[in-house]
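Encoded as structure tokens, the structure appears first; notes follow it.
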Amino acid sequence: MSAAAPAAREAAWSELLSALRGKLAPASKLAEREALGPKTTLRVGGPARLYAEPATEADLQALLAESHARGLPVFMLGRGSNLVVPDDGVDGLVISLAHPHWQAFEPRADGRVWAGAGLRLKNLCGLAAKAGLQGFEFMEGIPATVGGALRMNAGAMGGWTFDVVDEVRLVTLAGETRAMKKAEMHVDYRHCAELGTAVALGAFLRPRAHADGEAIRRQIEAYQKKRQEAQPREPSAGCIFKNPPGTSAGRVIDECGLKGARVGGAEVSPVHANFIVNRGGATCADILALVRQVRARVKEARGIDLEPEVMLFGRNWRDVL
Ligand code: EPU
């Protein structure tokens, strides 16, 4: 939240709205107080002060530059996983690349594949299998878009997103575009430094090999089966904590006897203890209370400080933990 007084802040939002209304293409969506809960996999939380789905790169740049010029914060919404939205919403501009413009999947002559930031990983895997391109199978079950997966270097089944990245095209919060090779970027477990202050437009990915589509699909199915057995089906944000060095957060929470622990509609999943699931009607306050409870118990029993993996949208975890 900026230090601006509420009235000045409201005036800035009104100004931004009129500036954008005169600029954006008719195909771009712009809405005030859009409910965010239904756009997330956890299904909790309030509205976005302003919400946009740009239909072109120019419109995305305009959204970023106009907000930046007024000191108003911008937050990207991907597939809506890995995210907890506060009950009172987000006092910011929330941008989603849900428009079809951002869903490109284009194999290129140089062997790379251009994947738009709005393309869902599930679709990326299906299209790659169809094209006989191997190396993306581990991504199939990650509920993310390409942009969100890049932003947090999402991973599963022993692989992570940047394993298959060659180059990322991004736009800074001031609205300038550029391309960066993977080697120039600072990437780690569930972290990409450059995308903390920039928005991915998409990436050139490098398939591992050409292979028979059927063999690729069989590998995808094997991963699906493994996941279905090990992870809950109820709404969740995915794994709630990062794995501490050398162990699995799920195993540690499980060993502390916390499976099934509940606050309101939020529950530590009895299937996998690093998932907090929404059993119906959970609020963000329920989720936060359960996160605090789990952290306190794990700290007391094992001396481990669990760090959230999911983002608290528009806020800092350290302000609420
Ligand atoms: N385990 C338990 N109890 C539990 C959960 C797990 O004993 O309640 C044990 C399992 O039996 C296994 C070990 O802990 O021996 C590891 O479990 P798992 O294979 O499920 O892996 P994980 O480390 O818990 C990571 C990622 C997941 C990803 C899986 C599968 C993180 C925080 N989690 O989980 O990613 O799907 O591997 O590859 O890195 C996510 O990032 O949102 C996520 C779900």
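Simple scheme: letters A, B, ... for chains in structure tokens order, numbers from 1 for residues in each chain, numbers from 1 for ligands in the order shown.
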Taking only C-alpha atoms and all ligand atoms into account, which residues are within 6 Å of ligand 1, as JSON, numbers by chain? {"A": [156, 157, 158, 230, 238, 239, 241, 242, 243, 248, 250, 251, 254, 272, 273]}
Enumerate the residues of segment 26-108 of chain A with a DSSP assignment of alpha helix (DSSP H), computed from the backbone, and present them as number ranges by chain. A: 57-69
DSSP on the backbone, then: every residue of segment 46-237 of chain A marked strand (DSSP E or B), written as number ranges by chain. A: 47-53, 74-77, 83-84, 90-96, 105-107, 113-116, 120, 133-134, 145, 155-156, 159-160, 165-172, 177-181, 187-188, 191-192, 198-205, 209-210, 236-237
Write the residues you've just listed into a file as a PDB file, in the first residue's frame, and include C-alpha atoms for each of them.
ATOM      1  CA  PRO A  47     -11.596  -8.039  -5.553  1.00  0.00           C
ATOM      2  CA  ALA A  48      -8.899  -6.239  -7.539  1.00  0.00           C
ATOM      3  CA  ARG A  49      -9.204  -2.423  -7.435  1.00  0.00           C
ATOM      4  CA  LEU A  50      -8.620  -2.527 -11.195  1.00  0.00           C
ATOM      5  CA  TYR A  51      -8.410  -5.584 -13.444  1.00  0.00           C
ATOM      6  CA  ALA A  52      -7.237  -5.854 -17.050  1.00  0.00           C
ATOM      7  CA  GLU A  53      -6.871  -8.468 -19.770  1.00  0.00           C
ATOM      8  CA  VAL A  74       0.635  -3.741 -10.639  1.00  0.00           C
ATOM      9  CA  PHE A  75       0.292  -7.476  -9.996  1.00  0.00           C
ATOM     10  CA  MET A  76       0.283 -10.237 -12.579  1.00  0.00           C
ATOM     11  CA  LEU A  77      -2.258 -13.024 -12.307  1.00  0.00           C
ATOM     12  CA  LEU A  83      -1.604 -17.541  -4.796  1.00  0.00           C
ATOM     13  CA  VAL A  84      -3.592 -16.495  -1.728  1.00  0.00           C
ATOM     14  CA  VAL A  90      -5.836  -6.068  -3.741  1.00  0.00           C
ATOM     15  CA  ASP A  91      -5.419  -2.296  -3.937  1.00  0.00           C
ATOM     16  CA  GLY A  92      -3.647  -2.548  -7.278  1.00  0.00           C
ATOM     17  CA  LEU A  93      -4.015  -3.144 -10.988  1.00  0.00           C
ATOM     18  CA  VAL A  94      -4.214  -6.894 -11.571  1.00  0.00           C
ATOM     19  CA  ILE A  95      -3.295  -7.965 -15.101  1.00  0.00           C
ATOM     20  CA  SER A  96      -4.132 -11.350 -16.589  1.00  0.00           C
ATOM     21  CA  PHE A 105       2.838 -22.234 -29.348  1.00  0.00           C
ATOM     22  CA  GLU A 106       5.149 -21.894 -32.352  1.00  0.00           C
ATOM     23  CA  PRO A 107       7.901 -24.381 -33.241  1.00  0.00           C
ATOM     24  CA  VAL A 113       9.533 -23.245 -29.566  1.00  0.00           C
ATOM     25  CA  TRP A 114       8.021 -19.835 -28.854  1.00  0.00           C
ATOM     26  CA  ALA A 115       5.488 -20.134 -26.003  1.00  0.00           C
ATOM     27  CA  GLY A 116       3.341 -17.129 -25.084  1.00  0.00           C
ATOM     28  CA  ARG A 120      -1.260 -22.994 -19.902  1.00  0.00           C
ATOM     29  CA  LEU A 133       8.725 -32.616 -29.000  1.00  0.00           C
ATOM     30  CA  GLN A 134      10.058 -34.185 -25.817  1.00  0.00           C
ATOM     31  CA  THR A 145       0.666 -20.439 -17.330  1.00  0.00           C
ATOM     32  CA  GLY A 155       8.765 -27.395 -10.955  1.00  0.00           C
ATOM     33  CA  ALA A 156       7.600 -30.964 -10.492  1.00  0.00           C
ATOM     34  CA  GLY A 159      12.392 -30.842 -13.260  1.00  0.00           C
ATOM     35  CA  TRP A 160      11.888 -27.110 -13.178  1.00  0.00           C
ATOM     36  CA  VAL A 165      14.159 -22.244 -21.303  1.00  0.00           C
ATOM     37  CA  ASP A 166      16.558 -20.744 -23.829  1.00  0.00           C
ATOM     38  CA  GLU A 167      15.493 -17.086 -23.786  1.00  0.00           C
ATOM     39  CA  VAL A 168      12.787 -14.981 -22.133  1.00  0.00           C
ATOM     40  CA  ARG A 169      11.152 -11.894 -23.637  1.00  0.00           C
ATOM     41  CA  LEU A 170      10.008  -9.512 -20.956  1.00  0.00           C
ATOM     42  CA  VAL A 171       8.660  -6.031 -20.396  1.00  0.00           C
ATOM     43  CA  THR A 172       9.784  -3.891 -17.458  1.00  0.00           C
ATOM     44  CA  THR A 177      10.670  -4.689 -23.696  1.00  0.00           C
ATOM     45  CA  ARG A 178      13.818  -6.777 -23.937  1.00  0.00           C
ATOM     46  CA  ALA A 179      15.098 -10.308 -24.424  1.00  0.00           C
ATOM     47  CA  MET A 180      17.284 -12.172 -21.956  1.00  0.00           C
ATOM     48  CA  LYS A 181      19.154 -15.444 -22.393  1.00  0.00           C
ATOM     49  CA  VAL A 187      17.305 -18.396 -11.339  1.00  0.00           C
ATOM     50  CA  ASP A 188      17.008 -20.711  -8.369  1.00  0.00           C
ATOM     51  CA  HIS A 191      12.719 -18.100  -7.876  1.00  0.00           C
ATOM     52  CA  CYS A 192      13.608 -15.895 -10.861  1.00  0.00           C
ATOM     53  CA  ALA A 198       9.312  -7.346 -14.973  1.00  0.00           C
ATOM     54  CA  VAL A 199       6.591  -9.235 -16.800  1.00  0.00           C
ATOM     55  CA  ALA A 200       7.339 -12.203 -19.077  1.00  0.00           C
ATOM     56  CA  LEU A 201       5.796 -11.922 -22.544  1.00  0.00           C
ATOM     57  CA  GLY A 202       6.791 -15.490 -23.342  1.00  0.00           C
ATOM     58  CA  ALA A 203       9.862 -17.628 -23.845  1.00  0.00           C
ATOM     59  CA  PHE A 204      11.833 -19.530 -26.451  1.00  0.00           C
ATOM     60  CA  LEU A 205      11.916 -23.063 -25.117  1.00  0.00           C
ATOM     61  CA  ALA A 209      14.604 -34.286 -28.395  1.00  0.00           C
ATOM     62  CA  HIS A 210      12.190 -35.330 -31.109  1.00  0.00           C
ATOM     63  CA  SER A 236      -5.704 -25.503  -3.038  1.00  0.00           C
ATOM     64  CA  ALA A 237      -2.910 -23.118  -3.988  1.00  0.00           C
TER      65      ALA A 237
END
Can you pull out every residue within 12 Å of Leu72 of chain A, counting only C-alpha atoms, but drop anything in the same chain fewer than 6 positions away, and send it as a VMD selection string? chain A and resid 1 to 4 8 to 17 49 to 50 63 to 66 90 to 94 173 to 174 314
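When atom CA of Gly147 of chain A is paired with atom CA of Lys225 of chain A, their separation reads 25.7 Å.
Shortest atom-to-atom contact with Ala129 of chain A among A:Gly89, A:Pro207, A:Gly303, A:Pro100: A:Pro207, counting only C-alpha atoms.
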Looking at A:Pro73, A:Gly22, A:Gly132, A:Gly111, which one is nearest to Gly213 of chain A, with distances taken over only C-alpha atoms?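 Closest to Gly213 of chain A of all the choices is A:Gly132.
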Coordinates-based distance that separates atom CA of Asn82 of chain A from atom CA of Phe138 of chain A (Å, one decimal): 17.4 Å
Using only C-alpha atoms, the shortest atom-to-atom distance to His186 of chain A among A:Leu36, A:Leu127, A:Ile220, A:Leu150 belongs to A:Leu150
Shortest interatomic distance to Gly265 of chain A - which of A:Leu42, A:Leu121, A:Ala154, A:Leu20, counting only C-alpha atoms: A:Leu42
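Taking atom CA of Thr283 of chain A and atom CA of Leu258 of chain A as endpoints, the distance between them is 19.6 Å.
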Measuring between only C-alpha atoms, which one of A:Ala19, A:Ala69, A:Ala104, A:Val291 shows the shortest distance to Ile276 of chain A? A:Val291
